[in-house]
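Peer 1: Got a structure for you, written out below as structure tokens; questions coming shortly.
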Amino acid sequence: MPYNIYVINEGYSRMVNKSTMAANCTSTLIKGPNNIIVDTMTPWDKDIIINGLKKHNVSCEDISHVICTHGHSDHIGNNNLFVNAKEHIVGFSISYKDQYKLHPFESGEEYKIDEDITILPTPGHTSDDITVLVRTSHYGIVAVAGDLFEREEDLNDPSLWRETAGSQFPDKQEANRNKILALVDYIVPGHGPMFKVSQEIKDQLKSS
């Protein structure tokens, strides 16, 4: 049975002044044989998460996997709503209660939830960022990519991901961005709405 993707909160990021940024992450429901939430916003957003799931007839108890693309506070703030989940995956860490599954993300190895959902290590923004690839019924292959992509505009303005969002390892991030762009039809970025990866974008990758 194929999966559907629902963005339950569109993220944003902007500089308020020289010393303050306002930001919150995009939170995504992957609905299908496994119900998965990707990135759970800040601890002040509990009601947004609960009500967003409810719109798609899903409760916190129905979530089988919690996936956080990295460990920043605006991506992990409501993980404790999902104590029934089989796994919590935060960056390269896979756990259930106090049990941690050892998986070699560091060596580039993918982690499969099932035949339609694969987690790829895509470090750059931080040392242990991950991207969720989903085969969907309506959008083709979708990457829920966290801050690998800040938002669609950073395709033309690299300063958005390199400087505004910050990149711990920009060379790795650029390589992983290009890898994901070549693989997928749509991307859910960390701080903006889902966008289509056009053929023009793919052609530019081939010619670069």
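Naming works like this for the structure tokens: A, B, ... for the chains as they're shown, residue 1 at the start of each chain, ligands 1 onward in shown order.
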I'd like the neighbourhood of A:Leu183 as a list in words, where a residue qualifies if any of its atoms comes within 10 Å (using only C-alpha atoms), though same-chain residues fewer than 2 positions away should be ignored.
Peer 2: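 With the cut-off at 10 Å, the set is Leu133, Ile141, Val142, Ala143, Asn178, Lys179, Ile180, Leu181, Asp185, Tyr186, Val197 and Lys202 of chain A.
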Peer 1: Identify all residues of stretch 8-207 of chain A in strand (DSSP E) (DSSP on the backbone) and supply them as a VMD selection string.
Peer 2: chain A and resid 8 to 9 12 to 17 20 to 24 27 to 31 36 to 38 65 to 68 87 to 90 93 to 96 99 to 101 111 to 114 117 to 121 130 to 135 141 to 146 186 to 189 195 to 196
Peer 1: Identify, on the basis of only C-alpha atoms, every residue whose closest approach to A:Phe82 does not exceed 7 Å; exclude the query and any residue fewer than 2 positions from it along the same chain; express the result as a PDB file with N, CA, C and O atoms, in the first residue's frame.
Peer 2:
```pdb
ATOM      1  N   CYS A  60      -1.712  10.733  18.225  1.00  0.00           N
ATOM      2  CA  CYS A  60      -0.331  10.477  18.641  1.00  0.00           C
ATOM      3  C   CYS A  60      -0.097   8.987  18.866  1.00  0.00           C
ATOM      4  O   CYS A  60       0.999   8.478  18.600  1.00  0.00           O
ATOM      5  N   GLU A  61      -1.119   8.295  19.342  1.00  0.00           N
ATOM      6  CA  GLU A  61      -0.999   6.859  19.617  1.00  0.00           C
ATOM      7  C   GLU A  61      -0.870   6.036  18.342  1.00  0.00           C
ATOM      8  O   GLU A  61      -0.436   4.881  18.380  1.00  0.00           O
ATOM      9  N   ILE A  63       1.072   6.785  15.788  1.00  0.00           N
ATOM     10  CA  ILE A  63       2.383   6.989  15.160  1.00  0.00           C
ATOM     11  C   ILE A  63       3.306   5.826  15.503  1.00  0.00           C
ATOM     12  O   ILE A  63       3.543   5.515  16.669  1.00  0.00           O
ATOM     13  N   ASN A  79       8.732  15.125  20.870  1.00  0.00           N
ATOM     14  CA  ASN A  79       8.931  13.676  20.732  1.00  0.00           C
ATOM     15  C   ASN A  79       8.225  12.878  21.820  1.00  0.00           C
ATOM     16  O   ASN A  79       7.796  11.745  21.593  1.00  0.00           O
ATOM     17  N   ASN A  80       8.093  13.468  23.002  1.00  0.00           N
ATOM     18  CA  ASN A  80       7.493  12.706  24.115  1.00  0.00           C
ATOM     19  C   ASN A  80       5.987  12.537  23.984  1.00  0.00           C
ATOM     20  O   ASN A  80       5.367  11.867  24.819  1.00  0.00           O
ATOM     21  N   ASN A  84       4.150   5.515  22.228  1.00  0.00           N
ATOM     22  CA  ASN A  84       3.755   4.224  21.665  1.00  0.00           C
ATOM     23  C   ASN A  84       4.561   3.859  20.426  1.00  0.00           C
ATOM     24  O   ASN A  84       4.428   2.740  19.907  1.00  0.00           O
ATOM     25  N   ALA A  85       5.365   4.770  19.920  1.00  0.00           N
ATOM     26  CA  ALA A  85       6.123   4.510  18.697  1.00  0.00           C
ATOM     27  C   ALA A  85       7.117   3.380  18.901  1.00  0.00           C
ATOM     28  O   ALA A  85       7.715   3.240  19.964  1.00  0.00           O
TER      29      ALA A  85
END
```
Peer 1: Just the residues within 7 Å of stretch 151-158 of chain A, please, counting only C-alpha atoms, with nothing from its chain fewer than 6 positions along; format it as a list in words.
Peer 2: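 These residues fall inside the cut-off: Pro189, Gly190, His191, Gly192 and Phe195 of chain A.
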Peer 1: Please, could you write that set of residues out with N, CA, C and O atoms as a PDB file, in the first residue's frame?
Peer 2:
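This is the output file part-v6.pdb:
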```pdb
ATOM      1  N   PRO A 189      11.469  20.770   2.678  1.00  0.00           N
ATOM      2  CA  PRO A 189      12.649  21.334   3.318  1.00  0.00           C
ATOM      3  C   PRO A 189      12.412  21.605   4.797  1.00  0.00           C
ATOM      4  O   PRO A 189      11.281  21.484   5.298  1.00  0.00           O
ATOM      5  N   GLY A 190      13.468  22.012   5.487  1.00  0.00           N
ATOM      6  CA  GLY A 190      13.366  22.199   6.928  1.00  0.00           C
ATOM      7  C   GLY A 190      12.553  23.390   7.364  1.00  0.00           C
ATOM      8  O   GLY A 190      11.939  23.379   8.431  1.00  0.00           O
ATOM      9  N   HIS A 191      12.500  24.443   6.524  1.00  0.00           N
ATOM     10  CA  HIS A 191      11.878  25.691   6.969  1.00  0.00           C
ATOM     11  C   HIS A 191      11.086  26.358   5.850  1.00  0.00           C
ATOM     12  O   HIS A 191      11.199  27.566   5.632  1.00  0.00           O
ATOM     13  N   GLY A 192      10.271  25.576   5.155  1.00  0.00           N
ATOM     14  CA  GLY A 192       9.453  26.120   4.086  1.00  0.00           C
ATOM     15  C   GLY A 192       8.527  25.064   3.530  1.00  0.00           C
ATOM     16  O   GLY A 192       8.551  23.901   3.956  1.00  0.00           O
ATOM     17  N   PHE A 195       8.339  21.531  -2.256  1.00  0.00           N
ATOM     18  CA  PHE A 195       8.500  22.044  -3.612  1.00  0.00           C
ATOM     19  C   PHE A 195       8.886  20.919  -4.566  1.00  0.00           C
ATOM     20  O   PHE A 195       9.445  19.893  -4.182  1.00  0.00           O
TER      21      PHE A 195
END
```
Peer 1: If we count only C-alpha atoms, what is near stretch 22-39 of chain A at a cut-off of 7 Å, once residues fewer than 3 positions away on the same chain are taken out, given as a count of residues only?
Peer 2: 30
Peer 1: Per DSSP on the backbone, what are the helix (DSSP H, G or I) residues of stretch 61-164 of chain A, as a list in words?
Peer 2: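 Helix (DSSP H, G or I) assignments inside stretch 61-164 of chain A correspond to Glu61, Asp62, Ser73, Asp74, His75, Ile76, Asn79, Asn80, Leu81, Phe105, Glu106, Ser107, Glu152, Glu153, Asp154, Leu155, Ser159, Leu160, Trp161, Arg162, Glu163 and Thr164 of chain A.
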Peer 1: Those residues you just picked out, can you put them in a file as a PDB file, in the first residue's frame with C-alpha atoms?
Peer 2:
```pdb
ATOM      1  CA  GLU A  61      -0.999   6.859  19.617  1.00  0.00           C
ATOM      2  CA  ASP A  62      -1.192   5.885  15.920  1.00  0.00           C
ATOM      3  CA  SER A  73      15.508  22.031  19.455  1.00  0.00           C
ATOM      4  CA  ASP A  74      12.949  23.163  16.859  1.00  0.00           C
ATOM      5  CA  HIS A  75      12.937  19.649  15.351  1.00  0.00           C
ATOM      6  CA  ILE A  76      12.597  17.461  18.475  1.00  0.00           C
ATOM      7  CA  ASN A  79       8.931  13.676  20.732  1.00  0.00           C
ATOM      8  CA  ASN A  80       7.493  12.706  24.115  1.00  0.00           C
ATOM      9  CA  LEU A  81       3.960  12.806  22.677  1.00  0.00           C
ATOM     10  CA  PHE A 105      24.939   5.668   9.335  1.00  0.00           C
ATOM     11  CA  GLU A 106      28.480   7.042   9.714  1.00  0.00           C
ATOM     12  CA  SER A 107      29.618   4.673   6.964  1.00  0.00           C
ATOM     13  CA  GLU A 152      13.156  26.267  -2.128  1.00  0.00           C
ATOM     14  CA  GLU A 153      14.753  29.692  -2.495  1.00  0.00           C
ATOM     15  CA  ASP A 154      18.105  28.348  -1.340  1.00  0.00           C
ATOM     16  CA  LEU A 155      18.499  26.593  -4.702  1.00  0.00           C
ATOM     17  CA  SER A 159      23.665  31.902   1.497  1.00  0.00           C
ATOM     18  CA  LEU A 160      20.308  30.783   2.941  1.00  0.00           C
ATOM     19  CA  TRP A 161      21.647  27.313   3.792  1.00  0.00           C
ATOM     20  CA  ARG A 162      25.315  28.175   4.181  1.00  0.00           C
ATOM     21  CA  GLU A 163      25.007  31.301   6.361  1.00  0.00           C
ATOM     22  CA  THR A 164      21.429  32.050   7.498  1.00  0.00           C
TER      23      THR A 164
END
```
Peer 1: Excluding A:Arg177 and its own-chain neighbours fewer than 4 positions away, which residues fall within 8 Å of it when counting only C-alpha atoms? Please give them as a VMD selection string.
Peer 2: chain A and resid 148 to 149 173 181
Peer 1: What's around A:Thr122 at 6 Å? Count only C-alpha atoms, leave out sequence neighbours fewer than 4 positions away in its own chain, and write the answer as a ChimeraX atom specification.
Peer 2: /A:129-130,176
Peer 1: Using only C-alpha atoms, find the one residue out of A:His103, A:His70, A:Lys46, A:Lys112 that sits nearest to A:Ser127.
Peer 2: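 When distances to A:Ser127 are compared using only C-alpha atoms, the smallest one comes from A:His70.
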Peer 1: Kindly indicate which residue among A:Ile49, A:Ala175, A:Val188, A:Val134 lies nearest to A:Glu150, using only C-alpha atoms for the distances.
Peer 2: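 The shortest atom-to-atom distance to A:Glu150 comes from A:Val188.
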Peer 1: Measuring atom to atom with only C-alpha atoms, identify which of A:Glu174, A:Glu87, A:Gly124, A:Lys196 is nearest to A:Gly140.
Peer 2: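 Result for the nearest residue to A:Gly140: A:Lys196.
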